[in-house]
Structures are given as structure tokens and as C-alpha cells.
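**Q** Got a file for you: my_file.txt, compact mmCIF, C-alpha atoms.
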```txt
# COMPACT_ATOMS: atom_id res chain seq x y z
CA MET J 1 -6.16 -42.89 -10.66
CA SER J 2 -2.52 -42.26 -11.21
CA LEU J 3 -0.75 -39.11 -10.14
CA PHE J 4 -0.09 -38.26 -13.78
CA ALA J 5 -3.81 -38.50 -14.68
CA PHE J 6 -4.77 -36.37 -11.67
CA PHE J 7 -2.18 -33.75 -12.64
CA PHE J 8 -3.35 -33.75 -16.27
CA ILE J 9 -7.05 -33.33 -15.32
CA THR J 10 -6.22 -30.54 -12.85
CA LEU J 11 -4.10 -28.74 -15.44
CA HIS J 12 -6.89 -29.07 -18.01
CA LEU J 13 -9.49 -27.60 -15.60
CA ILE J 14 -7.22 -24.71 -14.68
CA SER J 15 -6.59 -23.91 -18.34
CA ARG J 16 -10.35 -23.87 -19.04
CA ILE J 17 -10.92 -21.52 -16.09
CA VAL J 18 -8.15 -19.19 -17.30
CA ILE J 19 -9.62 -19.16 -20.83
CA ARG J 20 -13.09 -18.35 -19.47
CA LEU J 21 -11.71 -15.55 -17.27
CA TYR J 22 -9.86 -14.14 -20.27
CA GLU J 23 -13.11 -14.14 -22.31
CA LEU J 24 -14.99 -12.37 -19.50
CA ILE J 25 -12.27 -9.74 -19.16
CA LYS J 26 -12.27 -9.24 -22.93
CA ILE J 27 -16.07 -8.74 -22.94
CA SER J 28 -15.96 -6.34 -19.98
CA LYS J 29 -13.25 -4.24 -21.64
CA LYS J 30 -15.10 -4.25 -24.95
CA LYS J 31 -18.39 -3.30 -23.32
CA ASN J 32 -19.13 0.37 -23.26
CA MET J 33 -22.33 1.54 -21.60
CA ARG J 34 -23.81 4.95 -22.11
CA SER J 35 -27.06 6.47 -20.97
CA ARG J 36 -29.21 9.07 -22.63
CA THR J 37 -32.00 11.14 -21.15
CA SER J 38 -34.62 12.45 -23.54
CA THR J 39 -38.32 12.43 -24.37
CA TRP J 40 -39.03 8.96 -25.73
CA PHE J 41 -42.09 7.70 -27.60
CA GLU J 42 -43.06 4.07 -28.08
CA THR J 43 -44.45 3.51 -31.57
CA LYS J 44 -46.11 0.57 -33.28
CA VAL J 45 -45.86 0.06 -37.01
CA LYS J 46 -47.55 -2.41 -39.37
CA TYR J 47 -46.00 -3.44 -42.64
CA GLN J 48 -45.60 -6.40 -44.97
CA LYS J 49 -42.44 -8.29 -44.05
CA THR J 50 -40.68 -11.00 -46.03
CA MET J 51 -40.23 -13.95 -43.69
CA GLU J 52 -37.24 -16.36 -43.64
CA ASP J 53 -39.14 -18.92 -45.76
CA GLY J 54 -39.81 -16.28 -48.47
CA SER J 55 -43.48 -15.78 -47.66
CA GLU J 56 -44.85 -12.32 -46.92
CA LYS J 57 -46.78 -11.51 -43.77
CA VAL J 58 -48.20 -8.33 -42.25
CA VAL J 59 -46.40 -7.77 -38.95
CA SER J 60 -46.81 -5.29 -36.13
CA GLU J 61 -43.58 -4.23 -34.41
CA ALA J 62 -42.77 -1.82 -31.59
CA TYR J 63 -39.99 0.75 -31.72
CA VAL J 64 -38.86 3.67 -29.57
CA VAL J 65 -38.01 7.07 -31.04
CA ASP J 66 -36.51 10.21 -29.58
CA ALA J 67 -38.85 13.15 -30.31
CA LEU J 68 -40.35 16.29 -28.82
CA SER J 69 -43.96 15.68 -29.89
CA PHE J 70 -46.30 13.00 -31.20
CA THR J 71 -46.06 14.50 -34.69
CA GLU J 72 -42.27 14.43 -34.62
CA ALA J 73 -42.36 10.85 -33.31
CA GLU J 74 -44.59 9.76 -36.21
CA SER J 75 -42.32 11.48 -38.72
CA ALA J 76 -39.19 9.98 -37.13
CA ILE J 77 -40.47 6.38 -37.17
CA ILE J 78 -41.61 6.71 -40.79
CA ASP J 79 -38.18 8.08 -41.79
CA GLU J 80 -36.29 5.38 -39.88
CA MET J 81 -38.45 2.48 -41.13
CA SER J 82 -38.61 3.63 -44.77
CA VAL J 83 -35.12 2.22 -45.22
CA TYR J 84 -36.32 -1.28 -44.27
CA VAL J 85 -39.84 -1.31 -45.75
CA SER J 86 -40.51 -1.33 -49.48
CA GLY J 87 -44.31 -1.42 -49.33
CA GLU J 88 -46.91 0.35 -47.26
CA LEU J 89 -46.03 1.35 -43.70
CA LYS J 90 -48.75 2.22 -41.22
CA VAL J 91 -48.10 3.80 -37.83
CA SER J 92 -50.73 2.07 -35.70
CA GLY J 93 -49.88 3.62 -32.34
CA ILE J 94 -47.79 6.23 -30.58
CA GLY J 95 -47.51 6.77 -26.84
CA LYS J 96 -45.18 8.65 -24.56
CA ALA J 97 -42.77 6.21 -22.92
CA GLY J 98 -42.83 5.73 -19.14
CA TYR J 99 -39.08 6.21 -18.93
CA GLY J 100 -36.87 9.19 -19.61
CA GLU J 101 -33.47 7.52 -19.67
CA ILE J 102 -32.12 4.61 -21.71
CA PHE J 103 -28.96 2.60 -21.02
CA PHE J 104 -27.35 1.73 -24.37
CA SER J 105 -24.80 -1.05 -24.87
CA ASP J 106 -22.16 -1.18 -27.60
CA VAL J 107 -21.86 -4.98 -27.40
CA ASP J 108 -23.04 -6.52 -30.69
CA ASP J 109 -25.13 -9.35 -29.23
CA ASP J 110 -27.09 -7.10 -26.84
CA ASP J 111 -30.20 -7.16 -28.99
CA LYS J 112 -33.03 -7.14 -26.45
CA TRP J 113 -34.62 -4.32 -24.44
CA TYR J 114 -35.58 -4.57 -20.76
CA LYS J 115 -37.72 -2.25 -18.66
CA ALA J 116 -36.11 -1.80 -15.27
CA LYS J 117 -37.98 -0.38 -12.30
CA LEU J 118 -35.65 1.01 -9.64
CA GLN J 119 -36.49 2.37 -6.23
CA PHE J 120 -34.26 5.16 -5.02
CA ILE J 121 -33.83 5.22 -1.28
CA THR J 122 -33.40 8.55 0.49
CA ILE J 123 -33.61 9.59 4.14
CA ASP J 124 -35.86 12.51 5.09
CA GLU J 125 -33.68 14.84 7.14
CA LYS J 126 -36.52 16.07 9.38
CA SER J 127 -38.29 12.82 10.19
CA GLU J 128 -35.22 10.60 9.59
CA LYS J 129 -37.49 8.12 7.83
CA GLU J 130 -36.63 6.20 4.69
CA LYS J 131 -38.34 7.46 1.54
CA ARG J 132 -38.56 5.43 -1.67
CA SER J 133 -39.26 6.78 -5.16
CA ASN J 134 -39.74 4.68 -8.28
CA VAL J 135 -37.98 5.39 -11.59
CA THR J 136 -38.21 3.33 -14.79
CA TYR J 137 -35.35 2.86 -17.27
CA LEU J 138 -34.94 1.01 -20.56
CA VAL J 139 -31.85 -1.19 -20.75
CA GLN J 140 -30.26 -2.80 -23.83
CA ALA J 141 -28.83 -6.25 -23.07
CA LYS J 142 -28.65 -9.85 -24.27
CA SER J 143 -30.15 -11.42 -21.15
CA LEU J 144 -31.86 -10.61 -17.89
CA ALA J 145 -28.64 -11.26 -15.96
CA ARG J 146 -26.63 -8.97 -18.23
CA ALA J 147 -29.28 -6.23 -17.97
CA LEU J 148 -29.01 -6.41 -14.18
CA ARG J 149 -25.22 -6.22 -14.43
CA TYR J 150 -25.47 -3.16 -16.70
CA ILE J 151 -27.83 -1.43 -14.28
CA ASP J 152 -25.36 -2.03 -11.45
CA GLU J 153 -22.52 -0.79 -13.68
CA VAL J 154 -24.26 2.49 -14.56
CA MET J 155 -25.87 3.13 -11.17
CA GLY J 156 -22.74 2.07 -9.28
CA LYS J 157 -21.10 5.28 -10.52
CA THR J 158 -23.65 7.31 -8.58
CA MET J 159 -23.99 7.89 -4.85
CA ILE J 160 -27.69 6.91 -4.87
CA ASP J 161 -28.92 3.92 -2.86
CA TYR J 162 -31.31 1.87 -4.98
CA ASP J 163 -33.10 -1.45 -5.29
CA VAL J 164 -34.05 -3.11 -8.58
CA VAL J 165 -37.71 -4.01 -7.96
CA GLY J 166 -38.65 -5.01 -11.51
CA LEU J 167 -36.84 -6.15 -14.65
CA ASN J 168 -38.87 -7.37 -17.63
CA GLU J 169 -38.06 -8.12 -21.26
CA THR J 170 -40.02 -5.99 -23.73
CA LYS J 171 -41.15 -6.65 -27.29
CA LEU J 172 -39.32 -3.58 -28.55
CA MET J 173 -37.36 -4.20 -31.73
CA ASP J 174 -35.05 -1.17 -31.59
CA VAL J 175 -34.52 2.38 -30.35
CA PHE J 176 -33.91 5.23 -32.78
CA GLU J 177 -32.09 8.23 -31.35
CA HIS J 178 -32.57 11.71 -32.77
CA HIS J 179 -29.73 12.88 -34.97
CA ALA J 180 -29.39 16.51 -35.98
CA PRO J 181 -29.67 17.04 -39.73
CA ASN J 182 -26.33 17.28 -41.46
CA GLU J 183 -25.31 20.87 -41.37
CA LYS J 184 -23.39 22.44 -44.19
CA LYS J 185 -19.75 21.82 -43.47
CA GLU J 186 -17.65 24.92 -43.49
CA GLU J 187 -14.43 24.86 -45.39
CA LYS J 188 -11.43 25.20 -43.17
CA ASN J 189 -10.18 28.74 -43.26
CA ASP J 190 -6.93 29.52 -41.47
CA VAL J 191 -7.33 33.30 -41.87
CA PRO J 192 -7.97 35.01 -38.52
CA GLU J 193 -11.40 36.66 -38.16
CA TYR J 194 -10.00 40.20 -37.87
CA GLU J 195 -8.34 39.82 -41.30
CA GLU J 196 -11.53 38.44 -42.95
CA GLN J 197 -13.54 41.56 -42.21
CA LYS J 198 -11.40 43.77 -44.50
```
Represent the structure from my file as C-alpha cells, please.
**A**
Amino acid sequence: MSLFAFFFITLHLISRIVIRLYELIKISKKKNMRSRTSTWFETKVKYQKTMEDGSEKVVSEAYVVDALSFTEAESAIIDEMSVYVSGELKVSGIGKAGYGEIFFSDVDDDDKWYKAKLQFITIDEKSEKEKRSNVTYLVQAKSLARALRYIDEVMGKTMIDYDVVGLNETKLMDVFEHHAPNEKKEEKNDVPEYEEQK
């Protein structure tokens, strides 16, 4: 191999590495993780769905909703799904979720949901023994590796020692957060309050 060919191949490999690093940096800057603690309910709905080939099929899908009670969860999933379903919608199951906090991603291709089981490690001050407590989270990510990275990103901001002892993909289709009903917008009034009372 000539020196020119060796130089050309090396330059080509370096340029590919630089491009890949640029893409990773762009993704990491674009990525914005947030977490939300609430009371979550896992719901299952059955409805007639139009498939890609045009045929219709009754499907059962799982969703998570943010609610305070089973009744509110049922109402929330019916409201959210009514936009997507033109026929009959049946809520076939509702259960309180085993997690209280969800890690949301703003990256467009993070379309899967993973249940993560973490063990928090603390030291008992009296006995000086290690104590472990399990906590489950739901994580939005594209892949198992990305979900693990997101967990480390969110938990790395805390001072808690932890181990990820379980990470499994779920069959959840989406998570619907509670949004307060639109309140009547007040017109902007620049008159001070003490002058309004006259």
C-alpha cells in the first residue's frame, strides 16, 4: 500500500469518526429529560383499529394516565382515546401503576416505555450496615441502552447511590399526563388594584 493510500484511508476514517461524534453531541444537546411524580394508572382499552393493509381488527392496547382515582383514570383514557377512535371504545382494565415517577424524553424517536427497577443503597448510621430499597420507574426511550443512559442522566444529578437491577420493555403505547382544564383567560388590565376598587 502506498503512503498516499494509507493517508487517504486514515483521513477518511477520521472524518467518519468526527461526523459520528458531531451527531452524538447534537443528539445529547437536543435531548431534554424531565421527570414527573404523580399517581399513575395503567389502563387497557379495546377498540376497532384500521390496520396498515386497510382491514379492521379489534385490538387491545395499554396506556398510562395521570389520575387521582380509578373513576378519573377511566374518564381520562376515554377522553384521550376518543380523538383516535371513531367506533366503540371499551376500557377493559384499570390498575394502579407500580411506579410513581416517569422519566420523559423530548427526543422524537423515543417511542418505547421501559420499567426500571432501581435499588437505592444507604448506610444505617447505628449498625453501619448497607441497606437496599427497591424503587420502580417508567422510562421513555428508543432502546434498552438509551433507557439506561437516561436513568444515569437523571439519577446522576442526585447524591443517591443506586444500582439498576431490572430494565424491561413494556407493551405500553403511550402516557397521558393530566392537564388542567383551560381556565378563562383574564384580559390584561394595567390599572393598579387600588384604583379598580373605586
**Q** Between atom CA of Asp53 of chain J and atom CA of Thr170 of chain J, measure the distance and give it in Å to one decimal.
**A**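 Pair atom CA of Asp53 of chain J / atom CA of Thr170 of chain J returns 25.6 Å.
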**Q** Which residue gives the smallest distance to Asp106 of chain J among J:Ala73, J:Val65, J:Ser35, J:Glu80, with all atoms listed in the file counted?
**A** J:Ser35
**Q** Go through J:Val164, J:Lys90, J:Tyr114, J:Ile151 one by one, measure the shortest atom-to-atom distance of each to Ser133 of chain J using only C-alpha atoms, and give the residue with the smallest value.
**A**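 Of J:Val164, J:Lys90, J:Tyr114, J:Ile151, the one nearest Ser133 of chain J, counting only C-alpha atoms, is J:Val164.
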**Q** Calculated over only C-alpha atoms, which of the candidates J:Asn32, J:Ser55, J:Thr136, J:Thr50 has the smallest distance to Gly98 of chain J?
**A**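 Among the listed residues, J:Thr136 lies closest to Gly98 of chain J.
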**Q** Of the candidates J:Lys49, J:Lys131, J:Arg36, J:Lys142, which shows the shortest atom-to-atom distance to Glu169 of chain J, using all atoms listed in the file?
**A** J:Lys142
**Q** For the atom pair atom CA of Asp66 of chain J and atom CA of Ile94 of chain J, what is the interatomic distance in Å to one decimal place?
**A**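 Spanning atom CA of Asp66 of chain J to atom CA of Ile94 of chain J is a straight-line distance of 12.0 Å.
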**Q** What separation in Å, quoted to one decimal, exists between atom CA of Glu72 of chain J and atom CA of Trp40 of chain J?
**A**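 Interatomic distance here is 10.9 Å.
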**Q** Using all atoms listed in the file, which protein or nucleic acid residues come within 12 Å of Val58 of chain J? Drop anything in the same chain fewer than 6 positions from it, and give the result as a ChimeraX atom specification.
**A** /J:45-51,85,87-90
**Q** I'd like to know which of J:Ser15, J:Thr37, J:Ser143, J:Thr43 is closest to Met81 of chain J, using all atoms listed in the file.
**A**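 Selected residue with least distance to Met81 of chain J: J:Thr43.
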**Q** At a cut-off of 9 Å, using all atoms listed in the file, what residues contact Tyr150 of chain J? Leave out same-chain residues fewer than 3 positions from it and give the result as a list in words.
**A**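 Here the answer would be Met33, Phe103, Ser105, Val139, Gln140, Ala141, Ala145, Arg146, Ala147, Glu153, Val154 and Met155 of chain J.
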**Q** Would you export the selected residues with C-alpha atoms as a compact mmCIF listing (two decimals), in the frame of the given file, please?
**A**
```txt
# COMPACT_ATOMS: atom_id res chain seq x y z
CA MET J 33 -22.33 1.54 -21.60
CA PHE J 103 -28.96 2.60 -21.02
CA SER J 105 -24.80 -1.05 -24.87
CA VAL J 139 -31.85 -1.19 -20.75
CA GLN J 140 -30.26 -2.80 -23.83
CA ALA J 141 -28.83 -6.25 -23.07
CA ALA J 145 -28.64 -11.26 -15.96
CA ARG J 146 -26.63 -8.97 -18.23
CA ALA J 147 -29.28 -6.23 -17.97
CA GLU J 153 -22.52 -0.79 -13.68
CA VAL J 154 -24.26 2.49 -14.56
CA MET J 155 -25.87 3.13 -11.17
```
**Q** J:Asn134, J:Ile19, J:Leu13, J:Ser75: which is nearest Leu118 of chain J, counting only C-alpha atoms?
**A**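 Among the listed residues, J:Asn134 lies closest to Leu118 of chain J.
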